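Visitor: Structure file target.pdb (PDB, N, CA and C atoms) right here:
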ATOM      1  N   MET O   1      16.884  23.297  -0.581
ATOM      2  CA  MET O   1      17.435  22.715  -1.786
ATOM      3  C   MET O   1      17.289  21.197  -1.776
ATOM      4  N   LEU O   2      17.653  20.564  -0.655
ATOM      5  CA  LEU O   2      17.530  19.112  -0.572
ATOM      6  C   LEU O   2      16.095  18.653  -0.719
ATOM      7  N   GLU O   3      15.172  19.414  -0.166
ATOM      8  CA  GLU O   3      13.766  19.043  -0.258
ATOM      9  C   GLU O   3      13.293  19.060  -1.708
ATOM     10  N   LEU O   4      13.667  20.070  -2.454
ATOM     11  CA  LEU O   4      13.307  20.163  -3.864
ATOM     12  C   LEU O   4      13.950  19.024  -4.646
ATOM     13  N   LEU O   5      15.189  18.750  -4.374
ATOM     14  CA  LEU O   5      15.899  17.662  -5.033
ATOM     15  C   LEU O   5      15.250  16.322  -4.696
ATOM     16  N   GLU O   6      14.898  16.144  -3.439
ATOM     17  CA  GLU O   6      14.248  14.912  -3.009
ATOM     18  C   GLU O   6      12.941  14.700  -3.772
ATOM     19  N   LYS O   7      12.147  15.738  -3.901
ATOM     20  CA  LYS O   7      10.876  15.628  -4.621
ATOM     21  C   LYS O   7      11.101  15.264  -6.084
ATOM     22  N   ALA O   8      12.089  15.875  -6.700
ATOM     23  CA  ALA O   8      12.380  15.581  -8.101
ATOM     24  C   ALA O   8      12.835  14.135  -8.282
ATOM     25  N   VAL O   9      13.686  13.679  -7.400
ATOM     26  CA  VAL O   9      14.172  12.303  -7.480
ATOM     27  C   VAL O   9      13.031  11.325  -7.297
ATOM     28  N   MET O  10      12.185  11.557  -6.318
ATOM     29  CA  MET O  10      11.077  10.644  -6.056
ATOM     30  C   MET O  10      10.099  10.589  -7.209
ATOM     31  N   THR O  11       9.849  11.693  -7.811
ATOM     32  CA  THR O  11       8.967  11.727  -8.959
ATOM     33  C   THR O  11       9.563  10.913 -10.106
ATOM     34  N   THR O  12      10.846  11.059 -10.311
ATOM     35  CA  THR O  12      11.516  10.378 -11.410
ATOM     36  C   THR O  12      11.572   8.874 -11.229
ATOM     37  N   ILE O  13      11.853   8.409 -10.038
ATOM     38  CA  ILE O  13      12.077   6.977  -9.852
ATOM     39  C   ILE O  13      10.843   6.183  -9.480
ATOM     40  N   GLY O  14       9.749   6.832  -9.232
ATOM     41  CA  GLY O  14       8.534   6.106  -8.885
ATOM     42  C   GLY O  14       8.604   5.566  -7.469
ATOM     43  N   VAL O  15       8.283   6.389  -6.525
ATOM     44  CA  VAL O  15       8.457   6.076  -5.110
ATOM     45  C   VAL O  15       7.762   4.775  -4.714
ATOM     46  N   ALA O  16       6.627   4.490  -5.255
ATOM     47  CA  ALA O  16       5.877   3.317  -4.825
ATOM     48  C   ALA O  16       6.621   2.012  -5.066
ATOM     49  N   ALA O  17       7.524   1.982  -6.032
ATOM     50  CA  ALA O  17       8.231   0.750  -6.360
ATOM     51  C   ALA O  17       9.634   0.699  -5.783
ATOM     52  N   MET O  18      10.004   1.671  -4.992
ATOM     53  CA  MET O  18      11.379   1.739  -4.503
ATOM     54  C   MET O  18      11.642   0.680  -3.442
ATOM     55  N   THR O  19      12.757  -0.004  -3.574
ATOM     56  CA  THR O  19      13.159  -1.005  -2.600
ATOM     57  C   THR O  19      14.197  -0.408  -1.664
ATOM     58  N   GLN O  20      14.455  -1.117  -0.591
ATOM     59  CA  GLN O  20      15.470  -0.690   0.378
ATOM     60  C   GLN O  20      16.810  -0.508  -0.317
ATOM     61  N   LYS O  21      17.185  -1.462  -1.139
ATOM     62  CA  LYS O  21      18.489  -1.398  -1.809
ATOM     63  C   LYS O  21      18.568  -0.190  -2.736
ATOM     64  N   LYS O  22      17.515   0.036  -3.500
ATOM     65  CA  LYS O  22      17.504   1.180  -4.412
ATOM     66  C   LYS O  22      17.597   2.493  -3.642
ATOM     67  N   ALA O  23      16.887   2.576  -2.521
ATOM     68  CA  ALA O  23      16.926   3.797  -1.713
ATOM     69  C   ALA O  23      18.340   4.045  -1.188
ATOM     70  N   GLU O  24      18.994   2.976  -0.747
ATOM     71  CA  GLU O  24      20.353   3.120  -0.241
ATOM     72  C   GLU O  24      21.333   3.503  -1.354
ATOM     73  N   GLU O  25      21.152   2.900  -2.540
ATOM     74  CA  GLU O  25      22.013   3.248  -3.680
ATOM     75  C   GLU O  25      21.833   4.709  -4.061
ATOM     76  N   LEU O  26      20.571   5.147  -4.086
ATOM     77  CA  LEU O  26      20.285   6.537  -4.419
ATOM     78  C   LEU O  26      20.906   7.475  -3.391
ATOM     79  N   ALA O  27      20.759   7.134  -2.107
ATOM     80  CA  ALA O  27      21.326   7.981  -1.060
ATOM     81  C   ALA O  27      22.846   8.040  -1.172
ATOM     82  N   ALA O  28      23.492   6.918  -1.476
ATOM     83  CA  ALA O  28      24.952   6.904  -1.623
ATOM     84  C   ALA O  28      25.376   7.791  -2.785
ATOM     85  N   GLU O  29      24.640   7.696  -3.878
ATOM     86  CA  GLU O  29      24.951   8.540  -5.041
ATOM     87  C   GLU O  29      24.743  10.018  -4.711
ATOM     88  N   MET O  30      23.638  10.324  -4.032
ATOM     89  CA  MET O  30      23.352  11.714  -3.665
ATOM     90  C   MET O  30      24.422  12.232  -2.703
ATOM     91  N   LYS O  31      24.821  11.366  -1.773
ATOM     92  CA  LYS O  31      25.841  11.748  -0.793
ATOM     93  C   LYS O  31      27.134  12.130  -1.491
ATOM     94  N   ASP O  32      27.554  11.315  -2.456
ATOM     95  CA  ASP O  32      28.785  11.600  -3.200
ATOM     96  C   ASP O  32      28.639  12.848  -4.067
ATOM     97  N   ARG O  33      27.545  12.916  -4.775
ATOM     98  CA  ARG O  33      27.352  13.998  -5.731
ATOM     99  C   ARG O  33      27.171  15.352  -5.057
ATOM    100  N   PHE O  34      26.429  15.373  -3.942
ATOM    101  CA  PHE O  34      26.103  16.650  -3.299
ATOM    102  C   PHE O  34      26.819  16.829  -1.961
ATOM    103  N   LYS O  35      27.824  16.012  -1.725
ATOM    104  CA  LYS O  35      28.641  16.113  -0.510
ATOM    105  C   LYS O  35      27.782  16.128   0.756
ATOM    106  N   MET O  36      26.835  15.195   0.801
ATOM    107  CA  MET O  36      25.958  15.077   1.965
ATOM    108  C   MET O  36      26.698  14.325   3.072
ATOM    109  N   SER O  37      26.335  14.629   4.299
ATOM    110  CA  SER O  37      26.913  13.901   5.427
ATOM    111  C   SER O  37      26.251  12.535   5.531
ATOM    112  N   GLU O  38      26.817  11.667   6.354
ATOM    113  CA  GLU O  38      26.256  10.332   6.573
ATOM    114  C   GLU O  38      24.837  10.435   7.139
ATOM    115  N   ASP O  39      24.641  11.371   8.083
ATOM    116  CA  ASP O  39      23.317  11.553   8.679
ATOM    117  C   ASP O  39      22.300  12.066   7.659
ATOM    118  N   GLU O  40      22.717  12.984   6.810
ATOM    119  CA  GLU O  40      21.809  13.494   5.772
ATOM    120  C   GLU O  40      21.416  12.372   4.817
ATOM    121  N   GLY O  41      22.374  11.529   4.469
ATOM    122  CA  GLY O  41      22.075  10.394   3.592
ATOM    123  C   GLY O  41      21.105   9.426   4.242
ATOM    124  N   LYS O  42      21.323   9.131   5.517
ATOM    125  CA  LYS O  42      20.427   8.228   6.239
ATOM    126  C   LYS O  42      19.034   8.838   6.350
ATOM    127  N   ASN O  43      18.969  10.119   6.639
ATOM    128  CA  ASN O  43      17.668  10.787   6.728
ATOM    129  C   ASN O  43      16.932  10.742   5.390
ATOM    130  N   LEU O  44      17.668  10.909   4.309
ATOM    131  CA  LEU O  44      17.061  10.841   2.977
ATOM    132  C   LEU O  44      16.491   9.454   2.725
ATOM    133  N   VAL O  45      17.252   8.414   3.039
ATOM    134  CA  VAL O  45      16.767   7.039   2.864
ATOM    135  C   VAL O  45      15.513   6.819   3.708
ATOM    136  N   ASP O  46      15.540   7.269   4.948
ATOM    137  CA  ASP O  46      14.386   7.099   5.838
ATOM    138  C   ASP O  46      13.146   7.797   5.284
ATOM    139  N   ARG O  47      13.320   9.001   4.786
ATOM    140  CA  ARG O  47      12.170   9.746   4.219
ATOM    141  C   ARG O  47      11.640   9.065   2.967
ATOM    142  N   ILE O  48      12.547   8.589   2.108
ATOM    143  CA  ILE O  48      12.120   7.901   0.887
ATOM    144  C   ILE O  48      11.334   6.646   1.244
ATOM    145  N   GLN O  49      11.839   5.886   2.208
ATOM    146  CA  GLN O  49      11.144   4.665   2.611
ATOM    147  C   GLN O  49       9.788   4.962   3.236
ATOM    148  N   ALA O  50       9.693   5.996   4.027
ATOM    149  CA  ALA O  50       8.412   6.363   4.639
ATOM    150  C   ALA O  50       7.396   6.755   3.577
ATOM    151  N   ILE O  51       7.840   7.520   2.603
ATOM    152  CA  ILE O  51       6.935   7.933   1.525
ATOM    153  C   ILE O  51       6.532   6.727   0.684
ATOM    154  N   ALA O  52       7.471   5.830   0.409
ATOM    155  CA  ALA O  52       7.160   4.627  -0.369
ATOM    156  C   ALA O  52       6.138   3.766   0.371
ATOM    157  N   LYS O  53       6.312   3.605   1.673
ATOM    158  CA  LYS O  53       5.368   2.812   2.471
ATOM    159  C   LYS O  53       3.988   3.445   2.438
ATOM    160  N   ASP O  54       3.936   4.746   2.611
ATOM    161  CA  ASP O  54       2.655   5.462   2.581
ATOM    162  C   ASP O  54       1.972   5.281   1.231
ATOM    163  N   ASN O  55       2.740   5.368   0.152
ATOM    164  CA  ASN O  55       2.169   5.200  -1.184
ATOM    165  C   ASN O  55       1.671   3.779  -1.407
ATOM    166  N   ARG O  56       2.407   2.782  -0.921
ATOM    167  CA  ARG O  56       1.944   1.394  -1.053
ATOM    168  C   ARG O  56       0.629   1.211  -0.328
ATOM    169  N   GLU O  57       0.518   1.785   0.871
ATOM    170  CA  GLU O  57      -0.724   1.680   1.642
ATOM    171  C   GLU O  57      -1.881   2.355   0.913
ATOM    172  N   LYS O  58      -1.618   3.505   0.316
ATOM    173  CA  LYS O  58      -2.671   4.205  -0.428
ATOM    174  C   LYS O  58      -3.116   3.401  -1.642
ATOM    175  N   VAL O  59      -2.177   2.773  -2.331
ATOM    176  CA  VAL O  59      -2.521   1.954  -3.491
ATOM    177  C   VAL O  59      -3.375   0.766  -3.050
ATOM    178  N   MET O  60      -3.015   0.138  -1.926
ATOM    179  CA  MET O  60      -3.810  -0.980  -1.409
ATOM    180  C   MET O  60      -5.223  -0.530  -1.050
ATOM    181  N   GLU O  61      -5.349   0.612  -0.410
ATOM    182  CA  GLU O  61      -6.669   1.131  -0.052
ATOM    183  C   GLU O  61      -7.498   1.399  -1.304
ATOM    184  N   MET O  62      -6.874   1.989  -2.314
ATOM    185  CA  MET O  62      -7.591   2.278  -3.558
ATOM    186  C   MET O  62      -8.030   0.981  -4.226
ATOM    187  N   ALA O  63      -7.166  -0.027  -4.242
ATOM    188  CA  ALA O  63      -7.500  -1.305  -4.863
ATOM    189  C   ALA O  63      -8.661  -1.972  -4.128
ATOM    190  N   GLU O  64      -8.600  -1.981  -2.803
ATOM    191  CA  GLU O  64      -9.682  -2.569  -2.018
ATOM    192  C   GLU O  64     -10.998  -1.844  -2.269
ATOM    193  N   HIS O  65     -10.947  -0.535  -2.358
ATOM    194  CA  HIS O  65     -12.152   0.255  -2.613
ATOM    195  C   HIS O  65     -12.738  -0.094  -3.981
ATOM    196  N   GLU O  66     -11.887  -0.191  -4.994
ATOM    197  CA  GLU O  66     -12.361  -0.513  -6.341
ATOM    198  C   GLU O  66     -12.947  -1.923  -6.407
ATOM    199  N   VAL O  67     -12.311  -2.868  -5.740
ATOM    200  CA  VAL O  67     -12.838  -4.239  -5.708
ATOM    201  C   VAL O  67     -14.198  -4.249  -5.034
ATOM    202  N   GLN O  68     -14.332  -3.525  -3.936
ATOM    203  CA  GLN O  68     -15.620  -3.473  -3.240
ATOM    204  C   GLN O  68     -16.704  -2.875  -4.137
ATOM    205  N   LYS O  69     -16.358  -1.855  -4.918
ATOM    206  CA  LYS O  69     -17.332  -1.271  -5.847
ATOM    207  C   LYS O  69     -17.783  -2.295  -6.876
ATOM    208  N   VAL O  70     -16.872  -3.094  -7.402
ATOM    209  CA  VAL O  70     -17.214  -4.116  -8.392
ATOM    210  C   VAL O  70     -18.099  -5.184  -7.749
ATOM    211  N   VAL O  71     -17.743  -5.616  -6.542
ATOM    212  CA  VAL O  71     -18.540  -6.612  -5.827
ATOM    213  C   VAL O  71     -19.956  -6.089  -5.616
ATOM    214  N   ASP O  72     -20.083  -4.859  -5.195
ATOM    215  CA  ASP O  72     -21.402  -4.253  -4.983
ATOM    216  C   ASP O  72     -22.182  -4.155  -6.285
ATOM    217  N   ARG O  73     -21.500  -3.736  -7.341
ATOM    218  CA  ARG O  73     -22.157  -3.579  -8.638
ATOM    219  C   ARG O  73     -22.665  -4.918  -9.170
ATOM    220  N   LEU O  74     -21.914  -5.985  -8.923
ATOM    221  CA  LEU O  74     -22.308  -7.313  -9.393
ATOM    222  C   LEU O  74     -23.324  -7.975  -8.471
ATOM    223  N   GLY O  75     -23.550  -7.393  -7.317
ATOM    224  CA  GLY O  75     -24.513  -7.945  -6.382
ATOM    225  C   GLY O  75     -24.003  -9.184  -5.655
ATOM    226  N   LEU O  76     -22.698  -9.311  -5.532
ATOM    227  CA  LEU O  76     -22.125 -10.460  -4.835
ATOM    228  C   LEU O  76     -22.224 -10.265  -3.327
ATOM    229  N   VAL O  77     -22.335 -11.383  -2.610
ATOM    230  CA  VAL O  77     -22.390 -11.304  -1.156
ATOM    231  C   VAL O  77     -21.021 -11.636  -0.585
ATOM    232  N   SER O  78     -20.771 -11.132   0.598
ATOM    233  CA  SER O  78     -19.509 -11.430   1.265
ATOM    234  C   SER O  78     -19.543 -12.850   1.822
ATOM    235  N   ARG O  79     -18.388 -13.383   2.116
ATOM    236  CA  ARG O  79     -18.300 -14.724   2.702
ATOM    237  C   ARG O  79     -19.033 -14.751   4.041
ATOM    238  N   GLU O  80     -18.898 -13.680   4.793
ATOM    239  CA  GLU O  80     -19.565 -13.596   6.091
ATOM    240  C   GLU O  80     -21.079 -13.661   5.931
ATOM    241  N   GLU O  81     -21.606 -12.909   4.969
ATOM    242  CA  GLU O  81     -23.047 -12.909   4.730
ATOM    243  C   GLU O  81     -23.507 -14.270   4.220
ATOM    244  N   PHE O  82     -22.739 -14.880   3.344
ATOM    245  CA  PHE O  82     -23.074 -16.214   2.825
ATOM    246  C   PHE O  82     -23.139 -17.227   3.960
ATOM    247  N   ASP O  83     -22.131 -17.217   4.835
ATOM    248  CA  ASP O  83     -22.100 -18.151   5.955
ATOM    249  C   ASP O  83     -23.282 -17.930   6.896
ATOM    250  N   ARG O  84     -23.621 -16.681   7.128
ATOM    251  CA  ARG O  84     -24.766 -16.361   7.982
ATOM    252  C   ARG O  84     -26.055 -16.896   7.374
ATOM    253  N   LEU O  85     -26.238 -16.705   6.069
ATOM    254  CA  LEU O  85     -27.449 -17.195   5.402
ATOM    255  C   LEU O  85     -27.484 -18.721   5.358
ATOM    256  N   ALA O  86     -26.354 -19.356   5.145
ATOM    257  CA  ALA O  86     -26.300 -20.823   5.124
ATOM    258  C   ALA O  86     -26.685 -21.386   6.487
ATOM    259  N   LYS O  87     -26.211 -20.742   7.539
ATOM    260  CA  LYS O  87     -26.559 -21.171   8.888
ATOM    261  C   LYS O  87     -28.059 -21.007   9.121
ATOM    262  N   ARG O  88     -28.594 -19.901   8.665
ATOM    263  CA  ARG O  88     -30.036 -19.633   8.820
ATOM    264  C   ARG O  88     -30.866 -20.686   8.071
ATOM    265  N   VAL O  89     -30.466 -21.038   6.874
ATOM    266  CA  VAL O  89     -31.174 -22.066   6.096
ATOM    267  C   VAL O  89     -31.126 -23.405   6.832
ATOM    268  N   GLN O  90     -29.932 -23.720   7.347
ATOM    269  CA  GLN O  90     -29.774 -24.978   8.084
ATOM    270  C   GLN O  90     -30.693 -25.003   9.307
ATOM    271  N   GLU O  91     -30.805 -23.891  10.023
ATOM    272  CA  GLU O  91     -31.692 -23.809  11.171
ATOM    273  C   GLU O  91     -33.146 -23.997  10.759
ATOM    274  N   LEU O  92     -33.539 -23.356   9.667
ATOM    275  CA  LEU O  92     -34.928 -23.488   9.195
ATOM    276  C   LEU O  92     -35.223 -24.907   8.742
ATOM    277  N   GLU O  93     -34.267 -25.552   8.076
ATOM    278  CA  GLU O  93     -34.463 -26.928   7.640
ATOM    279  C   GLU O  93     -34.610 -27.879   8.834
ATOM    280  N   SER O  94     -33.797 -27.638   9.857
ATOM    281  CA  SER O  94     -33.891 -28.527  11.035
ATOM    282  C   SER O  94     -35.211 -28.326  11.767
ATOM    283  N   ARG O  95     -35.735 -27.113  11.757
ATOM    284  CA  ARG O  95     -37.043 -26.860  12.388
ATOM    285  C   ARG O  95     -38.170 -27.556  11.614
ATOM    286  N   SER O  96     -38.074 -27.534  10.292
ATOM    287  CA  SER O  96     -39.130 -28.127   9.481
ATOM    288  C   SER O  96     -39.098 -29.658   9.552
ATOM    289  N   ASN O  97     -37.960 -30.244   9.889
ATOM    290  CA  ASN O  97     -37.831 -31.686   9.999
ATOM    291  C   ASN O  97     -38.341 -32.197  11.354
ATOM    292  N   ASP O  98     -38.477 -31.306  12.301
ATOM    293  CA  ASP O  98     -38.943 -31.723  13.651
ATOM    294  C   ASP O  98     -40.402 -31.919  13.715
TER     295      ASP O  98
END
In structure tokens, what does this structure look like?
Guide:
Amino acid sequence: MLELLEKAVMTTIGVAAMTQKKAEELAAEMKDRFKMSEDEGKNLVDRIQAIAKDNREKVMEMAEHEVQKVVDRLGLVSREEFDRLAKRVQELESRSND
């Protein structure tokens, strides 16, 4: 029952945006409403925070992937590649000046 309730609550409140304070407020409300023990409330907060962290990480990975696709599509070079090529040009210029 708690697992089903937890899933419904997380879907409703948008887990990715949940803060520590909101998670604690939700757990306190759930504890009062469903007569949960202190440990059950703490476990609920811990699970909500773990899921929120996982979702934030997934969103970051998706964003990085999309940015990389745009960079590739535009034909942009990375800073590392630019620096490597600039160094190579500098080496070639110094050789031609000798």
Visitor: If you measure from atom C of O:Ile51 to atom C of O:Glu38, what distance in Å do you get, rounded to one decimal?
Guide: 19.8 Å
Visitor: Report the centre and edge lengths, in Å to one decimal, of an axis-aligned box enclosing every atom of stretch 34-51 of chain O listed in the file, padded by 3 Å on each side, as AutoDock Vina command-line options.
Guide:
--center_x 17.6 --center_y 10.7 --center_z 2.4 --size_x 28.1 --size_y 18.2 --size_z 18.6
Visitor: Please provide as a VMD selection string all residues within 8 Å of O:Ala28, with the sequence filter that same-chain residues fewer than 4 positions apart are discarded (counting only N, CA and C atoms).
Guide: chain O and resid 22 to 24 32 to 34 41 to 42 45
Visitor: Set the distance at 8 Å and use all atoms listed in the file: which residues neighbour O:Glu40 once local chain neighbours fewer than 4 positions away are removed? I'd like the list as a list in words.
Guide: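 Non-adjacent residues within range: Ala27, Lys31, Met36, Leu44, Val45 and Asp46 of chain O.
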Visitor: Between atom CA of O:Leu76 and atom CA of O:Glu64, what is the distance, to one decimal in Å?
Guide: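 These atoms are spaced 15.0 Å apart.
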Visitor: What is the distance between atom CA of O:Gln49 and atom CA of O:His65, in Å to one decimal?
Guide: 24.3 Å
Visitor: I'd like to know which of O:Ile48, O:Ala86, O:Ala63, O:Arg56 is closest to O:Glu25, using only C-alpha atoms.
Guide: O:Ile48
